[in-house]
>>> print(open('coords-v3.cif').read())   # mmCIF, C-alpha atoms
data_structure
loop_
_atom_site.group_PDB
_atom_site.id
_atom_site.type_symbol
_atom_site.label_atom_id
_atom_site.label_comp_id
_atom_site.auth_asym_id
_atom_site.auth_seq_id
_atom_site.Cartn_x
_atom_site.Cartn_y
_atom_site.Cartn_z
ATOM 1 C CA MET A 1 20.911 -1.762 11.482
ATOM 2 C CA ASP A 2 17.427 -3.063 10.894
ATOM 3 C CA LYS A 3 16.719 -6.497 9.523
ATOM 4 C CA SER A 4 15.687 -5.250 6.089
ATOM 5 C CA ALA A 5 19.046 -3.583 5.708
ATOM 6 C CA SER A 6 20.847 -6.733 6.735
ATOM 7 C CA MET A 7 18.706 -8.757 4.326
ATOM 8 C CA THR A 8 19.939 -6.579 1.482
ATOM 9 C CA SER A 9 23.588 -6.913 2.297
ATOM 10 C CA ILE A 10 23.957 -10.581 3.172
ATOM 11 C CA PRO A 11 25.936 -12.515 0.585
ATOM 12 C CA VAL A 12 23.417 -15.380 0.610
ATOM 13 C CA LEU A 13 21.385 -15.272 -2.565
ATOM 14 C CA ASP A 14 17.745 -16.083 -3.266
ATOM 15 C CA GLU A 15 17.461 -19.343 -5.067
ATOM 16 C CA GLY A 16 15.612 -19.333 -8.337
ATOM 17 C CA PRO A 17 12.958 -21.880 -9.304
ATOM 18 C CA CYS A 18 15.699 -24.148 -10.709
ATOM 19 C CA GLY A 19 17.518 -24.101 -7.393
ATOM 20 C CA HIS A 20 20.552 -22.134 -8.521
ATOM 21 C CA ASN A 21 21.745 -18.543 -8.154
ATOM 22 C CA SER A 22 22.770 -16.217 -10.922
ATOM 23 C CA ALA A 23 23.302 -12.842 -9.187
ATOM 24 C CA PRO A 24 26.735 -11.449 -8.243
ATOM 25 C CA ALA A 25 27.930 -12.059 -4.687
ATOM 26 C CA GLY A 26 26.474 -9.686 -2.067
ATOM 27 C CA LEU A 27 23.351 -8.962 -4.087
ATOM 28 C CA THR A 28 20.151 -10.983 -4.037
ATOM 29 C CA ALA A 29 18.706 -12.043 -7.349
ATOM 30 C CA GLY A 30 15.467 -10.285 -6.399
ATOM 31 C CA ARG A 31 17.146 -6.931 -5.827
ATOM 32 C CA LEU A 32 19.182 -7.205 -9.002
ATOM 33 C CA GLY A 33 16.002 -8.063 -10.894
ATOM 34 C CA ILE A 34 13.948 -5.188 -9.516
ATOM 35 C CA TRP A 35 16.698 -2.642 -10.251
ATOM 36 C CA ALA A 36 17.107 -4.024 -13.785
ATOM 37 C CA LEU A 37 13.338 -3.658 -14.238
ATOM 38 C CA ILE A 38 13.448 -0.079 -12.947
ATOM 39 C CA SER A 39 16.358 0.671 -15.266
ATOM 40 C CA SER A 40 14.325 -0.464 -18.277
ATOM 41 C CA GLU A 41 11.344 1.538 -17.015
ATOM 42 C CA ILE A 42 13.529 4.648 -16.818
ATOM 43 C CA VAL A 43 14.337 4.229 -20.527
ATOM 44 C CA LEU A 44 10.605 4.038 -21.291
ATOM 45 C CA PHE A 45 9.556 7.029 -19.197
ATOM 46 C CA ALA A 46 12.622 9.151 -19.968
ATOM 47 C CA GLY A 47 11.927 8.728 -23.686
ATOM 48 C CA LEU A 48 8.347 9.837 -23.180
ATOM 49 C CA PHE A 49 9.275 12.735 -20.904
ATOM 50 C CA GLY A 50 12.068 13.898 -23.215
ATOM 51 C CA SER A 51 9.762 13.829 -26.240
ATOM 52 C CA PHE A 52 7.092 15.728 -24.327
ATOM 53 C CA ILE A 53 9.497 18.422 -23.112
ATOM 54 C CA LEU A 54 10.871 19.005 -26.615
ATOM 55 C CA MET A 55 7.394 19.076 -28.159
ATOM 56 C CA ARG A 56 6.221 21.378 -25.377
ATOM 57 C CA MET A 57 9.029 23.797 -26.241
ATOM 58 C CA ILE A 58 7.934 23.821 -29.872
ATOM 59 C CA HIS A 59 4.291 24.295 -28.917
ATOM 60 C CA PRO A 60 3.999 26.935 -26.162
ATOM 61 C CA GLU A 61 0.249 26.997 -26.883
ATOM 62 C CA TRP A 62 0.019 23.618 -25.106
ATOM 63 C CA ALA A 63 0.149 25.623 -21.859
ATOM 64 C CA GLU A 64 -3.374 26.778 -22.660
ATOM 65 C CA GLU A 65 -4.476 23.152 -23.162
ATOM 66 C CA ALA A 66 -2.938 22.234 -19.830
ATOM 67 C CA ARG A 67 -5.110 24.888 -18.129
ATOM 68 C CA HIS A 68 -8.066 22.574 -18.782
ATOM 69 C CA LEU A 69 -6.562 19.930 -16.479
ATOM 70 C CA ASN A 70 -7.941 19.666 -12.965
ATOM 71 C CA LEU A 71 -5.023 20.976 -10.892
ATOM 72 C CA ALA A 72 -6.798 20.261 -7.592
ATOM 73 C CA ALA A 73 -7.314 16.610 -8.578
ATOM 74 C CA GLY A 74 -3.698 16.325 -9.729
ATOM 75 C CA THR A 75 -2.410 17.816 -6.462
ATOM 76 C CA LEU A 76 -4.669 15.521 -4.455
ATOM 77 C CA ASN A 77 -3.363 12.543 -6.424
ATOM 78 C CA SER A 78 0.220 13.591 -5.628
ATOM 79 C CA LEU A 79 -0.592 13.591 -1.919
ATOM 80 C CA VAL A 80 -2.483 10.282 -2.172
ATOM 81 C CA LEU A 81 0.497 8.611 -3.842
ATOM 82 C CA LEU A 82 2.907 10.067 -1.264
ATOM 83 C CA ILE A 83 0.724 8.691 1.540
ATOM 84 C CA SER A 84 0.486 5.329 -0.230
ATOM 85 C CA ASN A 85 4.255 5.145 -0.567
ATOM 86 C CA PHE A 86 4.671 6.049 3.106
ATOM 87 C CA PHE A 87 2.374 3.162 4.075
ATOM 88 C CA MET A 88 4.393 0.870 1.798
ATOM 89 C CA MET A 89 7.573 1.834 3.627
ATOM 90 C CA LYS A 90 5.828 1.167 6.944
ATOM 91 C CA ALA A 91 4.779 -2.279 5.651
ATOM 92 C CA SER A 92 8.368 -2.961 4.628
ATOM 93 C CA SER A 93 9.654 -1.921 8.078
ATOM 94 C CA SER A 94 6.971 -4.005 9.777
ATOM 95 C CA VAL A 95 8.090 -7.120 7.887
ATOM 96 C CA SER A 96 11.656 -6.697 9.111
ATOM 97 C CA GLN A 97 10.348 -6.180 12.660
ATOM 98 C CA GLY A 98 8.170 -9.298 12.449
ATOM 99 C CA LYS A 99 4.940 -7.362 13.106
ATOM 100 C CA ALA A 100 2.493 -9.490 11.096
ATOM 101 C CA GLU A 101 -0.592 -7.415 11.960
ATOM 102 C CA ASP A 102 1.112 -4.177 10.949
ATOM 103 C CA VAL A 103 2.220 -5.741 7.666
ATOM 104 C CA LYS A 104 -1.392 -6.626 6.845
ATOM 105 C CA LYS A 105 -2.659 -3.205 7.906
ATOM 106 C CA PHE A 106 -0.094 -1.211 5.957
ATOM 107 C CA LEU A 107 -0.317 -3.373 2.839
ATOM 108 C CA PHE A 108 -4.083 -2.834 2.864
ATOM 109 C CA LEU A 109 -3.704 0.935 3.336
ATOM 110 C CA THR A 110 -1.134 1.068 0.520
ATOM 111 C CA MET A 111 -3.553 -0.708 -1.806
ATOM 112 C CA LEU A 112 -6.433 1.492 -0.685
ATOM 113 C CA MET A 113 -4.480 4.652 -1.510
ATOM 114 C CA GLY A 114 -3.511 3.134 -4.874
ATOM 115 C CA VAL A 115 -7.173 2.489 -5.656
ATOM 116 C CA VAL A 116 -8.062 6.051 -4.566
ATOM 117 C CA PHE A 117 -5.371 7.343 -6.937
ATOM 118 C CA LEU A 118 -6.881 5.385 -9.832
ATOM 119 C CA GLY A 119 -10.369 6.570 -8.841
ATOM 120 C CA ILE A 120 -9.313 10.223 -8.956
ATOM 121 C CA LYS A 121 -7.583 9.628 -12.287
ATOM 122 C CA ALA A 122 -10.755 7.982 -13.649
ATOM 123 C CA TYR A 123 -12.739 11.033 -12.458
ATOM 124 C CA GLU A 124 -10.319 13.306 -14.318
ATOM 125 C CA TYR A 125 -10.508 11.199 -17.467
ATOM 126 C CA THR A 126 -14.318 11.272 -17.351
ATOM 127 C CA ALA A 127 -14.321 15.083 -17.105
ATOM 128 C CA GLU A 128 -11.833 15.374 -19.968
ATOM 129 C CA PHE A 129 -13.851 13.028 -22.173
ATOM 130 C CA ALA A 130 -16.951 15.103 -21.398
ATOM 131 C CA HIS A 131 -15.075 18.182 -22.674
ATOM 132 C CA GLY A 132 -14.274 16.365 -25.911
ATOM 133 C CA GLU A 133 -10.630 15.636 -25.145
ATOM 134 C CA PHE A 134 -9.566 12.127 -26.164
ATOM 135 C CA PRO A 135 -6.277 10.301 -26.759
ATOM 136 C CA SER A 136 -6.993 10.798 -30.467
ATOM 137 C CA SER A 137 -7.206 14.595 -30.006
ATOM 138 C CA LEU A 138 -3.468 14.777 -30.869
ATOM 139 C CA GLY A 139 -1.002 17.301 -29.482
ATOM 140 C CA PHE A 140 -0.991 17.800 -25.744
ATOM 141 C CA TRP A 141 -3.871 15.409 -25.098
ATOM 142 C CA SER A 142 -2.246 12.460 -26.837
ATOM 143 C CA PHE A 143 0.822 12.889 -24.619
ATOM 144 C CA TYR A 144 -1.342 13.421 -21.549
ATOM 145 C CA PHE A 145 -3.402 10.270 -21.998
ATOM 146 C CA LEU A 146 -0.411 8.186 -23.075
ATOM 147 C CA MET A 147 1.815 9.171 -20.142
ATOM 148 C CA THR A 148 -0.849 9.103 -17.437
ATOM 149 C CA GLY A 149 -2.287 5.885 -18.918
ATOM 150 C CA ILE A 150 1.069 4.097 -18.805
ATOM 151 C CA HIS A 151 1.604 5.367 -15.264
ATOM 152 C CA ALA A 152 -1.869 4.171 -14.213
ATOM 153 C CA THR A 153 -1.079 0.765 -15.741
ATOM 154 C CA HIS A 154 2.014 0.598 -13.547
ATOM 155 C CA ILE A 155 -0.127 1.448 -10.513
ATOM 156 C CA LEU A 156 -2.475 -1.377 -11.511
ATOM 157 C CA GLY A 157 0.461 -3.792 -11.816
ATOM 158 C CA GLY A 158 1.699 -2.733 -8.387
ATOM 159 C CA LEU A 159 -1.770 -3.279 -6.938
ATOM 160 C CA VAL A 160 -1.756 -6.853 -8.268
ATOM 161 C CA ALA A 161 1.614 -7.519 -6.610
ATOM 162 C CA LEU A 162 0.407 -5.886 -3.376
ATOM 163 C CA GLY A 163 -2.803 -7.916 -3.527
ATOM 164 C CA ILE A 164 -0.860 -11.179 -3.757
ATOM 165 C CA LEU A 165 1.322 -10.165 -0.802
ATOM 166 C CA TYR A 166 -1.739 -9.080 1.190
ATOM 167 C CA VAL A 167 -3.507 -12.413 0.612
ATOM 168 C CA LYS A 168 -0.330 -14.234 1.681
ATOM 169 C CA ALA A 169 -0.103 -12.029 4.794
ATOM 170 C CA VAL A 170 -3.758 -12.672 5.688
ATOM 171 C CA ASN A 171 -3.302 -16.430 5.199
ATOM 172 C CA GLY A 172 -0.124 -16.344 7.276
ATOM 173 C CA THR A 173 1.962 -17.695 4.397
ATOM 174 C CA LEU A 174 4.072 -14.596 3.834
ATOM 175 C CA GLY A 175 7.009 -16.109 5.717
ATOM 176 C CA SER A 176 9.023 -17.317 2.737
ATOM 177 C CA MET A 177 8.155 -14.210 0.696
ATOM 178 C CA GLN A 178 9.079 -11.486 3.167
ATOM 179 C CA GLY A 179 11.865 -10.118 0.948
ATOM 180 C CA ARG A 180 9.300 -9.509 -1.769
ATOM 181 C CA VAL A 181 7.548 -6.875 0.361
ATOM 182 C CA ALA A 182 10.736 -4.807 0.269
ATOM 183 C CA LEU A 183 11.093 -5.415 -3.489
ATOM 184 C CA THR A 184 7.489 -4.362 -4.081
ATOM 185 C CA GLY A 185 8.233 -1.286 -1.962
ATOM 186 C CA ILE A 186 11.103 -0.381 -4.306
ATOM 187 C CA TYR A 187 8.806 -0.757 -7.325
ATOM 188 C CA TRP A 188 6.052 1.289 -5.649
ATOM 189 C CA SER A 189 8.544 4.045 -4.830
ATOM 190 C CA PHE A 190 9.634 4.116 -8.459
ATOM 191 C CA VAL A 191 6.017 4.583 -9.550
ATOM 192 C CA GLU A 192 5.942 7.491 -7.092
ATOM 193 C CA VAL A 193 9.094 8.974 -8.670
ATOM 194 C CA VAL A 194 7.476 8.807 -12.116
ATOM 195 C CA TRP A 195 4.487 10.787 -10.802
ATOM 196 C CA ILE A 196 6.818 13.299 -9.131
ATOM 197 C CA PHE A 197 7.979 14.282 -12.644
ATOM 198 C CA LEU A 198 4.712 13.638 -14.476
ATOM 199 C CA PHE A 199 2.631 15.953 -12.279
ATOM 200 C CA PRO A 200 4.675 19.164 -12.739
ATOM 201 C CA MET A 201 5.283 18.447 -16.428
ATOM 202 C CA LEU A 202 1.603 18.148 -17.251
ATOM 203 C CA TYR A 203 -0.027 20.453 -14.709
ATOM 204 C CA LEU A 204 2.509 23.076 -13.682
ATOM 205 C CA LEU A 205 4.731 24.041 -16.630
ATOM 206 C CA ALA A 206 4.345 27.668 -17.657
ATOM 207 C CA MET B 207 19.786 2.001 12.032
ATOM 208 C CA ASP B 208 17.212 0.605 14.481
ATOM 209 C CA SER B 209 13.545 0.182 13.639
ATOM 210 C CA LYS B 210 12.426 3.253 15.609
ATOM 211 C CA SER B 211 14.870 5.624 13.942
ATOM 212 C CA SER B 212 13.993 4.032 10.589
ATOM 213 C CA SER B 213 10.324 4.806 11.232
ATOM 214 C CA VAL B 214 11.137 8.382 12.288
ATOM 215 C CA ASN B 215 13.277 8.728 9.172
ATOM 216 C CA HIS B 216 10.412 7.570 6.950
ATOM 217 C CA SER B 217 8.069 10.050 8.657
ATOM 218 C CA MET B 218 10.525 12.911 8.188
ATOM 219 C CA ILE B 219 11.061 12.060 4.528
ATOM 220 C CA PHE B 220 7.296 11.811 4.018
ATOM 221 C CA SER B 221 6.758 15.232 5.627
ATOM 222 C CA ALA B 222 9.480 16.762 3.478
ATOM 223 C CA LEU B 223 7.951 15.251 0.337
ATOM 224 C CA VAL B 224 4.484 16.606 1.168
ATOM 225 C CA VAL B 225 5.902 20.082 1.818
ATOM 226 C CA MET B 226 7.806 20.014 -1.468
ATOM 227 C CA ALA B 227 4.769 18.767 -3.428
ATOM 228 C CA LEU B 228 2.767 21.709 -2.092
ATOM 229 C CA LEU B 229 5.726 24.036 -2.696
ATOM 230 C CA SER B 230 5.793 23.131 -6.397
ATOM 231 C CA VAL B 231 2.078 23.995 -6.673
ATOM 232 C CA GLY B 232 2.787 27.236 -4.771
ATOM 233 C CA ILE B 233 5.551 28.139 -7.245
ATOM 234 C CA PHE B 234 3.051 27.692 -10.089
ATOM 235 C CA PHE B 235 0.720 30.260 -8.524
ATOM 236 C CA LEU B 236 3.540 32.805 -8.140
ATOM 237 C CA HIS B 237 3.317 33.305 -11.929
ATOM 238 C CA LEU B 238 7.075 33.609 -12.293
ATOM 239 C CA PRO B 239 8.647 34.178 -15.721
ATOM 240 C CA LEU B 240 8.502 31.061 -17.918
ATOM 241 C CA VAL B 241 12.095 29.858 -17.488
ATOM 242 C CA SER B 242 12.208 30.618 -13.726
ATOM 243 C CA ASN B 243 8.891 28.856 -13.120
ATOM 244 C CA ASN B 244 9.879 25.732 -15.051
ATOM 245 C CA LEU B 245 13.378 25.510 -13.585
ATOM 246 C CA ALA B 246 12.095 25.977 -10.017
ATOM 247 C CA ILE B 247 9.399 23.331 -10.459
ATOM 248 C CA PHE B 248 11.851 20.837 -11.954
ATOM 249 C CA ALA B 249 14.420 21.569 -9.238
ATOM 250 C CA VAL B 250 11.831 20.681 -6.577
ATOM 251 C CA ALA B 251 10.923 17.519 -8.524
ATOM 252 C CA VAL B 252 14.584 16.455 -8.740
ATOM 253 C CA VAL B 253 15.048 16.927 -4.973
ATOM 254 C CA MET B 254 11.857 14.931 -4.288
ATOM 255 C CA ALA B 255 12.908 12.118 -6.633
ATOM 256 C CA SER B 256 16.375 12.002 -5.053
ATOM 257 C CA LEU B 257 14.850 11.690 -1.591
ATOM 258 C CA VAL B 258 12.659 8.783 -2.721
ATOM 259 C CA PHE B 259 15.516 7.049 -4.569
ATOM 260 C CA PHE B 260 18.065 7.349 -1.785
ATOM 261 C CA GLN B 261 15.850 7.125 1.314
ATOM 262 C CA TYR B 262 12.803 5.043 0.407
ATOM 263 C CA MET B 263 14.397 2.849 -2.261
ATOM 264 C CA ASP B 264 17.630 2.528 -0.248
ATOM 265 C CA LEU B 265 19.794 3.291 -3.253
ATOM 266 C CA LYS B 266 22.407 4.652 -0.837
ATOM 267 C CA LYS B 267 22.924 1.125 0.505
ATOM 268 C CA GLU B 268 23.340 -0.507 -2.889
ATOM 269 C CA GLY B 269 26.653 -1.469 -4.460
ATOM 270 C CA LYS B 270 28.391 -0.140 -7.556
ATOM 271 C CA LEU B 271 26.649 -2.596 -9.880
ATOM 272 C CA ILE B 272 23.222 -1.105 -9.120
ATOM 273 C CA TYR B 273 24.569 2.423 -9.646
ATOM 274 C CA TRP B 274 25.881 1.390 -13.062
ATOM 275 C CA ILE B 275 22.546 -0.216 -13.913
ATOM 276 C CA MET B 276 20.891 3.097 -13.041
ATOM 277 C CA VAL B 277 23.425 5.312 -14.851
ATOM 278 C CA ILE B 278 23.121 3.570 -18.248
ATOM 279 C CA PRO B 279 19.482 4.555 -18.973
ATOM 280 C CA PHE B 280 20.188 8.174 -18.017
ATOM 281 C CA VAL B 281 23.168 8.253 -20.413
ATOM 282 C CA LEU B 282 20.978 6.764 -23.162
ATOM 283 C CA PHE B 283 18.297 9.340 -22.382
ATOM 284 C CA GLY B 284 20.868 12.164 -22.567
ATOM 285 C CA ILE B 285 22.035 10.976 -25.997
ATOM 286 C CA LEU B 286 18.438 10.623 -27.212
ATOM 287 C CA PHE B 287 17.533 14.104 -25.938
ATOM 288 C CA VAL B 288 20.542 15.789 -27.561
ATOM 289 C CA LEU B 289 19.935 14.007 -30.872
ATOM 290 C CA PHE B 290 16.363 15.292 -30.936
ATOM 291 C CA ILE B 291 17.318 18.958 -30.511
ATOM 292 C CA PRO B 292 18.276 19.585 -34.213
ATOM 293 C CA ASP B 293 14.889 18.199 -35.281
ATOM 294 C CA VAL B 294 13.118 20.444 -32.796
ATOM 295 C CA CYS B 295 15.062 23.462 -34.072
ATOM 296 C CA HIS B 296 14.180 22.505 -37.633
ATOM 297 C CA TYR B 297 10.473 22.640 -36.859
ATOM 298 C CA SER B 298 10.617 25.820 -34.830
ATOM 299 C CA ILE B 299 12.965 28.551 -36.016
ATOM 300 C CA ASP B 300 12.226 30.560 -32.881
ATOM 301 C CA PHE B 301 13.194 27.706 -30.595
ATOM 302 C CA LEU B 302 16.735 28.859 -29.796
ATOM 303 C CA LYS B 303 15.733 32.522 -29.580
ATOM 304 C CA ARG B 304 12.961 31.678 -27.142
ATOM 305 C CA TYR B 305 14.873 29.497 -24.739
ATOM 306 C CA PHE B 306 18.583 30.295 -25.078
#
>>> encode(input="coords-v3.cif", output="structure tokens")
Amino acid sequence: MDKSASMTSIPVLDEGPCGHNSAPAGLTAGRLGIWALISSEIVLFAGLFGSFILMRMIHPEWAEEARHLNLAAGTLNSLVLLISNFFMMKASSSVSQGKAEDVKKFLFLTMLMGVVFLGIKAYEYTAEFAHGEFPSSLGFWSFYFLMTGIHATHILGGLVALGILYVKAVNGTLGSMQGRVALTGIYWSFVEVVWIFLFPMLYLLA
Amino acid sequence: MDSKSSSVNHSMIFSALVVMALLSVGIFFLHLPLVSNNLAIFAVAVVMASLVFFQYMDLKKEGKLIYWIMVIPFVLFGILFVLFIPDVCHYSIDFLKRYF
């Protein structure tokens, strides 16, 4: 069993800022917190996805609107996010193996791929604005900009967290925050899962 | 699981995810009938999401409490989705004929 696995199963809990624990035995407060966050995020995204699917069934003509999306850019973004998530997992493994240089390298690559994702999304937005499609265009485009915008905001939030960890890793002060790399990895994977559903819903539905 | 097998596992999962991402785009270009196309694409997405949840996010190693935390939003989503269906039918009389 690797160290990250053992870190997740030890009954010793992370202490909060007040010096006391509040999580059930066998579960760190950090892990409980990140899963609770993801649970609330699922409510948010599931509501959006459910609404979109039902509206999409009512409006089959939205398929024609979706044809105006850049499928190549969307596919490329899917691959970029998969690669980014893979690097995040490598960073997480490197922390548990005590490979400080690898942690820095993989955290940087994860961030780089995240920035590339946002860059491609910005390129898509620019093209759509040029064609006169805006969030205020209603129908398909309102859903498109809302869902991809919220997802991009989550990417941005993840990049901030990754940036903090990267700075700590570069300064050699990551030691006491190693568990947070794994927690950030869980969050980053969730953002990946959201895109796994978002991409086919917007770009590939018949 | 040692670090080497963990790394290999991550690589295998990554490869599988890339293949499935490309597969879903491939399905789109097959121009299957509407229901077949959408079901196939969503089936691939569900498999991909499951791989990420259980392999990358280590959900398989978590205890019952985490599973319950994850089940509750899906139950709420199911209720929300079902409650919306009458409204959808109200606005589109052809809805049931088209899809069921």
>>> resolve_selection(input="coords-v3.cif", expression="the PyMOL selection byres ((chain A) within 7 of (chain B))", output="mmCIF file with C-alpha atoms, keeping the file's coordinate frame")
data_model
loop_
_atom_site.group_PDB
_atom_site.id
_atom_site.type_symbol
_atom_site.label_atom_id
_atom_site.label_comp_id
_atom_site.auth_asym_id
_atom_site.auth_seq_id
_atom_site.Cartn_x
_atom_site.Cartn_y
_atom_site.Cartn_z
ATOM 1 C CA MET A 1 20.911 -1.762 11.482
ATOM 2 C CA ASP A 2 17.427 -3.063 10.894
ATOM 3 C CA TRP A 35 16.698 -2.642 -10.251
ATOM 4 C CA ALA A 36 17.107 -4.024 -13.785
ATOM 5 C CA SER A 39 16.358 0.671 -15.266
ATOM 6 C CA ILE A 42 13.529 4.648 -16.818
ATOM 7 C CA VAL A 43 14.337 4.229 -20.527
ATOM 8 C CA ALA A 46 12.622 9.151 -19.968
ATOM 9 C CA GLY A 47 11.927 8.728 -23.686
ATOM 10 C CA GLY A 50 12.068 13.898 -23.215
ATOM 11 C CA LEU A 54 10.871 19.005 -26.615
ATOM 12 C CA ILE A 58 7.934 23.821 -29.872
ATOM 13 C CA LEU A 79 -0.592 13.591 -1.919
ATOM 14 C CA PHE A 86 4.671 6.049 3.106
ATOM 15 C CA MET A 89 7.573 1.834 3.627
ATOM 16 C CA ILE A 186 11.103 -0.381 -4.306
ATOM 17 C CA SER A 189 8.544 4.045 -4.830
ATOM 18 C CA VAL A 193 9.094 8.974 -8.670
ATOM 19 C CA ILE A 196 6.818 13.299 -9.131
ATOM 20 C CA PHE A 197 7.979 14.282 -12.644
ATOM 21 C CA PRO A 200 4.675 19.164 -12.739
ATOM 22 C CA LEU A 204 2.509 23.076 -13.682
ATOM 23 C CA LEU A 205 4.731 24.041 -16.630
ATOM 24 C CA ALA A 206 4.345 27.668 -17.657
#
>>> residues_around(input="coords-v3.cif", residues="Val194 of chain A", least_positions_apart="4", cutoff="8 Å", atoms="only C-alpha atoms", output="ChimeraX atom specification")
/A:45,151,190,198
>>> resolve_selection(input="coords-v3.cif", expression="the PyMOL selection byres ((chain A and resi 71) around 10)", output="short mmCIF file (atom, residue, chain, number, x, y, z; two decimals) with C-alpha atoms, in the coordinates of the input")
data_model
loop_
_atom_site.label_atom_id
_atom_site.label_comp_id
_atom_site.auth_asym_id
_atom_site.auth_seq_id
_atom_site.Cartn_x
_atom_site.Cartn_y
_atom_site.Cartn_z
CA ALA A 66 -2.94 22.23 -19.83
CA ARG A 67 -5.11 24.89 -18.13
CA HIS A 68 -8.07 22.57 -18.78
CA LEU A 69 -6.56 19.93 -16.48
CA ASN A 70 -7.94 19.67 -12.96
CA ALA A 72 -6.80 20.26 -7.59
CA ALA A 73 -7.31 16.61 -8.58
CA GLY A 74 -3.70 16.32 -9.73
CA THR A 75 -2.41 17.82 -6.46
CA LEU A 76 -4.67 15.52 -4.46
CA ASN A 77 -3.36 12.54 -6.42
CA GLU A 124 -10.32 13.31 -14.32
CA PHE A 199 2.63 15.95 -12.28
CA LEU A 202 1.60 18.15 -17.25
CA TYR A 203 -0.03 20.45 -14.71
CA LEU A 204 2.51 23.08 -13.68
CA VAL B 231 2.08 24.00 -6.67
#
>>> resolve_selection(input="coords-v3.cif", expression="the PyMOL selection byres ((chain A and resi 162-170) around 10)", output="PyMOL selection string")
chain A and resi 88+100-101+103-108+110-111+114+156-161+171-178+180-181+184-185+188
>>> atom_distance(input="coords-v3.cif", atom1="atom CA of Glu65 of chain A", atom2="atom CA of Ser142 of chain A")
11.5 Å
>>> closest_residue(input="coords-v3.cif", among="A:Trp195, A:Tyr144, A:Asn85, A:His131", to="Gln261 of chain B", atoms="only C-alpha atoms")
A:Asn85
>>> closest_residue(input="coords-v3.cif", among="A:Gly179, A:Thr148, A:Glu128, A:Leu138", to="Met55 of chain A", atoms="all atoms listed in the file")
A:Leu138
>>> axis_aligned_box(input="coords-v3.cif", around="segment 146-155 of chain A", padding_each_side="3 Å", output="lines of an AutoDock Vina configuration file")
center_x = -0.1
center_y = 4.9
center_z = -16.8
size_x = 10.3
size_y = 14.6
size_z = 18.6
>>> atom_distance(input="coords-v3.cif", atom1="atom CA of Lys99 of chain A", atom2="atom CA of Glu192 of chain A")
25.1 Å
>>> atom_distance(input="coords-v3.cif", atom1="atom CA of Ala122 of chain A", atom2="atom CA of Ala152 of chain A")
9.7 Å
>>> residues_around(input="coords-v3.cif", residues="Tyr125 of chain A", least_positions_apart="5", cutoff="9 Å", atoms="only C-alpha atoms", output="number ranges by chain")
A: 120, 130, 133-134, 145
>>> closest_residue(input="coords-v3.cif", among="A:Lys90, A:Leu183, A:Asp102, A:Leu118", to="Asn215 of chain B", atoms="only C-alpha atoms")
A:Lys90
>>> closest_residue(input="coords-v3.cif", among="A:Ser93, A:Ser40, A:Thr153, A:Ser51", to="Lys121 of chain A", atoms="all atoms listed in the file")
A:Thr153
